[in-house]
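Take a look at the structure set out below.
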Amino acid sequence: MVQKSVHDRRGLMLVLSSPSGAGKTTLSRRLLDSDPSLVMSVSATTRPPRPGEEDAKDYFFVSHERFGAMVAGGELLEHAEVFGNHYGTPRGPVMEALNAGRDVLFDIDWQGTQQLAESASDDLVRVFLLPPSMRELEARLKKRAQDSAETVARRMAKADGEISHWAEYDYVLINSDLDATFERLQTILEAERLRRRRRPGLSDFVRGLLREREML
Ligand SMILES: Nc1ncnc2c1ncn2[C@@H]1O[C@H](COP(=O)(O)OP(=O)(O)OP(=O)(O)O)[C@@H](O)[C@H]1O
Ligand SMILES: Nc1nc2c(ncn2[C@@H]2O[C@H](COP(=O)(O)O)[C@@H](O)[C@H]2O)c(=O)[nH]1
């Protein structure tokens with residue numbers, strides 16, 4: 001019997017959350033580079049672009065007015081205010097990818113994750129990243145050198161609040177060594193793809209096995 005292709009299933013939603021600077025963007029990029037069947041959900045935000053960030057690749061950078069219209073028009077799957085800016089997940093591209101059997105990666109905060117859990121719990125795999133220490137978290141934010149000292153301080157001040165939601169996630173990874181965390185993330189994705197409920201083709205395969213035995 002021909003095994004059904006990996007795309008013969010609905011995709012899953014892999015969510016990464018963490019305090020700012022723990023490594024979501026870094027790990028997301030590595031995962032996307034290593035896995036062609038994974039697509040990134042590109043969020044809309046009212047935050048101004050950081051140096052090097054590209055519109056429609058890193059974020060859809062939109063005005064407050066446009067963001068408000070997206071919310072009012074039901075264009076966002078979830079949205080939240082984080083560090084004084086608005087962020088949200090455009091619904092269309094995510095639905096399209098999931099229906100085509102592609103897995104979607106989200107870099108969103110705990111508020112957005114809670115909203116996705118209400119509407120799509122069966123598809124959702126939630127991973128929370130912790131820094132090895134708060135000192136290291138601050139060092140990473142400073143080393144990234146893309147935010148002002150004031151922004152870094154504001155993000156550090158909000159880290160406890162984000163971390164307090166760690167127990168709402170399915171998996172928690174301490175991102176000390178980047179390679180080790182990356183491998184664990186790959187393992188999670190691989191195992192979640194193998195869940196029985198995500199493999200509709202298995203019933204046909206098992207029926208085929210049983211028919212084959214009857215003919216022996
Ligand atoms: N395991 C690691 N060891 C050392 N440095 C790391 C590790 N993971 C990420 N970094 C570095 O930490 C900095 C912050 O990482 P990154 O931008 O990926 O965080 P983030 O969680 O996406 O932050 P934000 O929520 O603000 O977008 C980057 O300079 C990145 O290179
Ligand atoms: N609820 C949502 N949170 C989001 C979304 N996109 C990003 N984020 C989170 O915002 C902070 C800050 O991000 P930054 O790029 O300004 O550093 C971080 O925790 C992201 O995970 C979204 O669409 N919805």
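Chain labels follow the order of the structure tokens: the first chain is A, the next B, and so on; residue numbering restarts at 1 in every chain, and ligands are counted from 1 in their shown order.
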Q.
Show me, as number ranges by chain, the residues that have an atom within 12 Å of segment 176-180 of chain A when counting only C-alpha atoms, minus same-chain residues fewer than 5 positions from it.
A. A: 22-28, 30-31, 129-134, 136-137, 140, 185-187
Based on the selection just made, write N, CA and C atoms of those residues as a tab-separated table (two decimals), in the first residue's frame.
chain	number	residue	atom	x	y	z
A	22	ALA	N	14.72	35.80	24.90
A	22	ALA	CA	15.11	34.43	25.28
A	22	ALA	C	15.52	33.59	24.07
A	23	GLY	N	15.12	34.01	22.85
A	23	GLY	CA	15.61	33.29	21.67
A	23	GLY	C	14.57	32.82	20.66
A	24	LYS	N	13.34	33.30	20.75
A	24	LYS	CA	12.29	32.83	19.82
A	24	LYS	C	12.65	33.08	18.35
A	25	THR	N	13.07	34.31	18.05
A	25	THR	CA	13.36	34.66	16.65
A	25	THR	C	14.51	33.81	16.12
A	26	THR	N	15.55	33.67	16.93
A	26	THR	CA	16.73	32.91	16.51
A	26	THR	C	16.36	31.46	16.22
A	27	LEU	N	15.59	30.86	17.12
A	27	LEU	CA	15.22	29.46	16.94
A	27	LEU	C	14.23	29.29	15.79
A	28	SER	N	13.33	30.26	15.64
A	28	SER	CA	12.36	30.18	14.54
A	28	SER	C	13.09	30.17	13.21
A	30	ARG	N	16.11	29.23	12.50
A	30	ARG	CA	16.82	27.96	12.28
A	30	ARG	C	15.85	26.86	11.90
A	31	LEU	N	14.70	26.83	12.58
A	31	LEU	CA	13.71	25.79	12.31
A	31	LEU	C	13.16	25.93	10.89
A	129	LEU	N	9.89	29.12	26.05
A	129	LEU	CA	11.35	29.17	26.22
A	129	LEU	C	11.70	29.99	27.46
A	130	LEU	N	12.57	29.42	28.27
A	130	LEU	CA	13.08	30.16	29.44
A	130	LEU	C	14.55	30.48	29.22
A	131	PRO	N	15.01	31.61	29.71
A	131	PRO	CA	16.46	31.88	29.65
A	131	PRO	C	17.13	31.11	30.80
A	132	PRO	N	18.43	30.83	30.67
A	132	PRO	CA	19.10	30.12	31.78
A	132	PRO	C	19.14	30.95	33.05
A	133	SER	N	19.14	32.28	32.92
A	133	SER	CA	19.11	33.17	34.10
A	133	SER	C	18.63	34.54	33.63
A	134	MET	N	18.19	35.36	34.58
A	134	MET	CA	17.74	36.71	34.22
A	134	MET	C	18.93	37.57	33.79
A	136	GLU	N	21.50	36.48	32.14
A	136	GLU	CA	21.78	36.12	30.74
A	136	GLU	C	20.72	36.73	29.81
A	137	LEU	N	19.47	36.78	30.28
A	137	LEU	CA	18.41	37.37	29.45
A	137	LEU	C	18.75	38.84	29.14
A	140	ARG	N	21.53	39.11	26.68
A	140	ARG	CA	21.11	38.83	25.29
A	140	ARG	C	20.39	40.03	24.69
A	185	LEU	N	13.65	21.22	20.02
A	185	LEU	CA	12.50	21.78	19.30
A	185	LEU	C	12.15	20.91	18.08
A	186	GLN	N	13.18	20.48	17.38
A	186	GLN	CA	12.95	19.59	16.23
A	186	GLN	C	12.29	18.28	16.67
A	187	THR	N	12.75	17.79	17.83
A	187	THR	CA	12.19	16.53	18.36
A	187	THR	C	10.70	16.71	18.69
Q: Mind listing the alpha helix (DSSP H) residues of segment 35-94 of chain A, per DSSP on the backbone, as a ChimeraX atom specification?
A: /A:64-72,91-94
Write the residues of the preceding selection, restricted to C-alpha atoms, as an mmCIF file, in the first residue's frame.
data_model
loop_
_atom_site.group_PDB
_atom_site.id
_atom_site.type_symbol
_atom_site.label_atom_id
_atom_site.label_comp_id
_atom_site.auth_asym_id
_atom_site.auth_seq_id
_atom_site.Cartn_x
_atom_site.Cartn_y
_atom_site.Cartn_z
ATOM 1 C CA HIS A 64 -2.694 52.179 14.294
ATOM 2 C CA GLU A 65 -5.568 52.966 11.961
ATOM 3 C CA ARG A 66 -4.905 49.965 9.737
ATOM 4 C CA PHE A 67 -4.456 47.699 12.767
ATOM 5 C CA GLY A 68 -7.799 48.852 14.157
ATOM 6 C CA ALA A 69 -9.453 48.109 10.813
ATOM 7 C CA MET A 70 -7.931 44.604 10.785
ATOM 8 C CA VAL A 71 -9.349 43.923 14.251
ATOM 9 C CA ALA A 72 -12.773 45.344 13.335
ATOM 10 C CA ARG A 91 -6.024 34.882 9.749
ATOM 11 C CA GLY A 92 -5.936 34.225 5.973
ATOM 12 C CA PRO A 93 -2.374 32.931 5.448
ATOM 13 C CA VAL A 94 -2.564 30.699 8.538
#
Q: Could you report the residues within 9 Å of ligand 2, using only C-alpha atoms and all ligand atoms, as number ranges by chain?
A: A: 16-21, 24-25, 41-45, 47-50, 58-59, 76-83, 85-90, 106-115, 155, 162
Those residues you just picked out, can you put them in a file as a tab-separated table (two decimals), in the first residue's frame with N, CA and C atoms?
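Output file part29.tsv is given in full below:
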chain	number	residue	atom	x	y	z
A	16	LEU	N	5.74	29.51	19.77
A	16	LEU	CA	6.89	29.78	20.64
A	16	LEU	C	6.60	31.06	21.41
A	17	SER	N	6.68	31.00	22.74
A	17	SER	CA	6.57	32.20	23.55
A	17	SER	C	7.74	32.23	24.54
A	18	SER	N	8.05	33.41	25.03
A	18	SER	CA	9.14	33.55	26.01
A	18	SER	C	9.20	35.01	26.42
A	19	PRO	N	9.93	35.30	27.50
A	19	PRO	CA	10.21	36.71	27.72
A	19	PRO	C	11.06	37.24	26.57
A	20	SER	N	10.97	38.51	26.30
A	20	SER	CA	11.71	39.11	25.20
A	20	SER	C	13.21	38.84	25.35
A	21	GLY	N	13.82	38.33	24.28
A	21	GLY	CA	15.27	38.11	24.29
A	21	GLY	C	15.69	36.69	24.61
A	24	LYS	N	13.34	33.30	20.75
A	24	LYS	CA	12.29	32.83	19.82
A	24	LYS	C	12.65	33.08	18.35
A	25	THR	N	13.07	34.31	18.05
A	25	THR	CA	13.36	34.66	16.65
A	25	THR	C	14.51	33.81	16.12
A	41	SER	N	4.14	32.31	10.53
A	41	SER	CA	3.03	33.27	10.54
A	41	SER	C	3.65	34.65	10.72
A	42	VAL	N	3.46	35.52	9.73
A	42	VAL	CA	4.02	36.87	9.81
A	42	VAL	C	2.96	37.77	10.45
A	43	SER	N	3.30	38.31	11.61
A	43	SER	CA	2.34	39.12	12.37
A	43	SER	C	2.25	40.53	11.81
A	44	ALA	N	1.14	41.18	12.12
A	44	ALA	CA	1.01	42.62	11.87
A	44	ALA	C	1.36	43.33	13.18
A	45	THR	N	2.02	44.45	13.08
A	45	THR	CA	2.33	45.21	14.29
A	45	THR	C	2.34	46.71	14.03
A	47	ARG	N	4.42	48.37	15.89
A	47	ARG	CA	5.79	48.74	16.31
A	47	ARG	C	6.59	49.18	15.08
A	48	PRO	N	7.44	50.22	15.24
A	48	PRO	CA	8.30	50.59	14.10
A	48	PRO	C	9.33	49.50	13.82
A	49	PRO	N	9.77	49.38	12.56
A	49	PRO	CA	10.76	48.34	12.25
A	49	PRO	C	12.10	48.59	12.95
A	50	ARG	N	12.76	47.49	13.34
A	50	ARG	CA	14.14	47.60	13.85
A	50	ARG	C	15.08	47.63	12.66
A	58	ASP	N	9.50	40.12	8.19
A	58	ASP	CA	9.60	40.03	9.65
A	58	ASP	C	8.25	40.35	10.30
A	59	TYR	N	7.62	41.36	9.82
A	59	TYR	CA	6.28	41.77	10.27
A	59	TYR	C	5.61	42.50	9.12
A	76	LEU	N	-7.87	39.23	12.05
A	76	LEU	CA	-6.81	38.68	12.91
A	76	LEU	C	-7.31	37.48	13.70
A	77	LEU	N	-6.47	36.44	13.76
A	77	LEU	CA	-6.82	35.24	14.54
A	77	LEU	C	-6.74	35.53	16.02
A	78	GLU	N	-5.80	36.36	16.38
A	78	GLU	CA	-5.61	36.81	17.77
A	78	GLU	C	-4.87	38.12	17.72
A	79	HIS	N	-4.97	38.90	18.77
A	79	HIS	CA	-4.19	40.13	18.83
A	79	HIS	C	-4.01	40.55	20.28
A	80	ALA	N	-2.96	41.32	20.52
A	80	ALA	CA	-2.66	41.73	21.90
A	80	ALA	C	-1.80	42.98	21.89
A	81	GLU	N	-1.81	43.65	23.03
A	81	GLU	CA	-0.89	44.77	23.21
A	81	GLU	C	0.30	44.27	24.01
A	82	VAL	N	1.49	44.45	23.47
A	82	VAL	CA	2.71	44.00	24.14
A	82	VAL	C	3.71	45.17	24.14
A	83	PHE	N	4.25	45.49	25.30
A	83	PHE	CA	5.22	46.59	25.43
A	83	PHE	C	4.71	47.87	24.76
A	85	ASN	N	2.87	48.29	22.15
A	85	ASN	CA	2.57	48.20	20.72
A	85	ASN	C	1.50	47.13	20.49
A	86	HIS	N	0.82	47.21	19.34
A	86	HIS	CA	-0.19	46.21	19.02
A	86	HIS	C	0.40	45.18	18.05
A	87	TYR	N	0.06	43.92	18.32
A	87	TYR	CA	0.54	42.81	17.48
A	87	TYR	C	-0.64	41.89	17.20
A	88	GLY	N	-0.68	41.30	16.02
A	88	GLY	CA	-1.77	40.36	15.73
A	88	GLY	C	-1.41	39.43	14.60
A	89	THR	N	-2.10	38.28	14.57
A	89	THR	CA	-1.84	37.24	13.58
A	89	THR	C	-2.87	37.29	12.46
A	90	PRO	N	-2.47	37.66	11.24
A	90	PRO	CA	-3.42	37.64	10.12
A	90	PRO	C	-4.00	36.23	9.90
A	106	PHE	N	4.51	30.14	15.08
A	106	PHE	CA	4.09	31.45	15.61
A	106	PHE	C	5.09	31.91	16.67
A	107	ASP	N	5.50	33.17	16.57
A	107	ASP	CA	6.30	33.81	17.63
A	107	ASP	C	5.37	34.84	18.24
A	108	ILE	N	4.63	34.41	19.28
A	108	ILE	CA	3.62	35.31	19.87
A	108	ILE	C	3.68	35.22	21.39
A	109	ASP	N	3.03	36.16	22.06
A	109	ASP	CA	3.10	36.17	23.52
A	109	ASP	C	2.00	35.31	24.14
A	110	TRP	N	1.96	35.27	25.48
A	110	TRP	CA	1.01	34.41	26.19
A	110	TRP	C	-0.45	34.80	25.94
A	111	GLN	N	-0.69	36.09	25.70
A	111	GLN	CA	-2.09	36.52	25.48
A	111	GLN	C	-2.63	35.93	24.17
A	112	GLY	N	-1.77	36.02	23.13
A	112	GLY	CA	-2.16	35.46	21.84
A	112	GLY	C	-2.30	33.95	21.91
A	113	THR	N	-1.41	33.31	22.68
A	113	THR	CA	-1.46	31.85	22.81
A	113	THR	C	-2.78	31.42	23.48
A	114	GLN	N	-3.18	32.17	24.50
A	114	GLN	CA	-4.46	31.85	25.16
A	114	GLN	C	-5.62	31.97	24.17
A	115	GLN	N	-5.57	33.00	23.32
A	115	GLN	CA	-6.67	33.18	22.35
A	115	GLN	C	-6.69	32.04	21.32
A	155	ARG	N	11.58	45.89	28.75
A	155	ARG	CA	11.35	44.48	28.45
A	155	ARG	C	11.78	43.59	29.62
A	162	GLU	N	5.68	37.68	31.80
A	162	GLU	CA	5.61	36.70	30.71
A	162	GLU	C	5.94	35.30	31.27
Q: List the neighbours of Val152 of chain A out to 10 Å using only C-alpha atoms; skip same-chain residues closer than 6 positions along the sequence, and give me the result as a count of residues only.
A: 10
Q | Shell around segment 164-171 of chain A at 8 Å using only C-alpha atoms, local window under 5 positions removed, as a list in words | A |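 Near segment 164-171 of chain A, the qualifying residues are Trp110, Val125, Arg126, Val127 and Phe128 of chain A.
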Export, as a PDB file, in the first residue's frame, the selected residues with N, CA and C atoms.
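What landed in part-v7.pdb:
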ATOM      1  N   TRP A 110       1.961  35.274  25.480  1.00  0.00           N
ATOM      2  CA  TRP A 110       1.008  34.406  26.188  1.00  0.00           C
ATOM      3  C   TRP A 110      -0.449  34.796  25.939  1.00  0.00           C
ATOM      4  N   VAL A 125       0.338  23.381  19.412  1.00  0.00           N
ATOM      5  CA  VAL A 125       1.447  22.833  20.201  1.00  0.00           C
ATOM      6  C   VAL A 125       2.176  24.040  20.777  1.00  0.00           C
ATOM      7  N   ARG A 126       2.167  24.153  22.098  1.00  0.00           N
ATOM      8  CA  ARG A 126       2.703  25.371  22.740  1.00  0.00           C
ATOM      9  C   ARG A 126       4.048  25.095  23.395  1.00  0.00           C
ATOM     10  N   VAL A 127       5.041  25.884  23.013  1.00  0.00           N
ATOM     11  CA  VAL A 127       6.388  25.729  23.584  1.00  0.00           C
ATOM     12  C   VAL A 127       6.798  27.039  24.244  1.00  0.00           C
ATOM     13  N   PHE A 128       7.221  26.947  25.495  1.00  0.00           N
ATOM     14  CA  PHE A 128       7.687  28.144  26.205  1.00  0.00           C
ATOM     15  C   PHE A 128       9.193  28.044  26.388  1.00  0.00           C
TER      16      PHE A 128
END
(Q) Set the distance at 7 Å and use only C-alpha atoms: which residues neighbour Gly11 of chain A once local chain neighbours fewer than 5 positions away are removed? I'd like the list as an MDAnalysis selection string. (A) chainID A and resid 98:99 101:103
Would you export the selected residues with N, CA and C atoms as a PDB file, in the first residue's frame, please?
ATOM      1  N   LEU A  98      -2.650  25.804   6.907  1.00  0.00           N
ATOM      2  CA  LEU A  98      -3.127  24.631   7.661  1.00  0.00           C
ATOM      3  C   LEU A  98      -3.956  23.717   6.767  1.00  0.00           C
ATOM      4  N   ASN A  99      -4.830  24.331   5.969  1.00  0.00           N
ATOM      5  CA  ASN A  99      -5.691  23.524   5.096  1.00  0.00           C
ATOM      6  C   ASN A  99      -4.902  22.810   4.011  1.00  0.00           C
ATOM      7  N   GLY A 101      -2.136  21.454   4.640  1.00  0.00           N
ATOM      8  CA  GLY A 101      -1.341  20.445   5.348  1.00  0.00           C
ATOM      9  C   GLY A 101       0.028  20.935   5.767  1.00  0.00           C
ATOM     10  N   ARG A 102       0.214  22.256   5.753  1.00  0.00           N
ATOM     11  CA  ARG A 102       1.520  22.775   6.165  1.00  0.00           C
ATOM     12  C   ARG A 102       1.460  23.189   7.632  1.00  0.00           C
ATOM     13  N   ASP A 103       2.570  23.020   8.325  1.00  0.00           N
ATOM     14  CA  ASP A 103       2.638  23.409   9.730  1.00  0.00           C
ATOM     15  C   ASP A 103       3.040  24.874   9.822  1.00  0.00           C
TER      16      ASP A 103
END
Q. Restricting the calculation to only C-alpha atoms, which member of A:Glu183, A:Val104, A:Arg9, A:Ala120 is positioned closest to Pro36 of chain A?
A. A:Val104
Quick check for you: according to DSSP on this backbone, which residues of segment 59-210 of chain A are classed as strand (DSSP E or B)? Reply as a tab-separated table (two decimals) with C-alpha atoms, in the first residue's frame.
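Generated file (selection38.tsv):
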chain	number	residue	atom	x	y	z
A	59	TYR	CA	6.28	41.77	10.27
A	60	PHE	CA	3.60	43.65	8.40
A	61	PHE	CA	4.35	47.11	9.78
A	76	LEU	CA	-6.81	38.68	12.91
A	77	LEU	CA	-6.82	35.24	14.54
A	78	GLU	CA	-5.61	36.81	17.77
A	79	HIS	CA	-4.19	40.13	18.83
A	80	ALA	CA	-2.66	41.73	21.90
A	81	GLU	CA	-0.89	44.77	23.21
A	82	VAL	CA	2.71	44.00	24.14
A	85	ASN	CA	2.57	48.20	20.72
A	86	HIS	CA	-0.19	46.21	19.02
A	87	TYR	CA	0.54	42.81	17.48
A	88	GLY	CA	-1.77	40.36	15.73
A	89	THR	CA	-1.84	37.24	13.58
A	90	PRO	CA	-3.42	37.64	10.12
A	103	ASP	CA	2.64	23.41	9.73
A	104	VAL	CA	2.70	27.01	10.92
A	105	LEU	CA	5.16	28.54	13.37
A	106	PHE	CA	4.09	31.45	15.61
A	107	ASP	CA	6.30	33.81	17.63
A	124	LEU	CA	-1.99	23.80	18.84
A	125	VAL	CA	1.45	22.83	20.20
A	126	ARG	CA	2.70	25.37	22.74
A	127	VAL	CA	6.39	25.73	23.58
A	128	PHE	CA	7.69	28.14	26.21
A	129	LEU	CA	11.35	29.17	26.22
A	130	LEU	CA	13.08	30.16	29.44
A	171	TYR	CA	6.60	22.04	26.54
A	172	VAL	CA	9.12	24.19	28.39
A	173	LEU	CA	12.70	24.47	27.14
A	174	ILE	CA	15.55	26.23	28.93
Q.
Could you check the closest approach to ligand 1 for each of A:Glu96, A:Gly84, A:Val62, A:Phe182 and tell me which residue wins, using only C-alpha atoms and all ligand atoms?
A.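 Nearest candidate to ligand 1 out of A:Glu96, A:Gly84, A:Val62, A:Phe182: A:Phe182.
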Q | atom CA of Arg29 of chain A to atom 8 (N, counted along the ligand's line) of ligand 1, straight-line distance in Å | A |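 The value is 11.2 Å.
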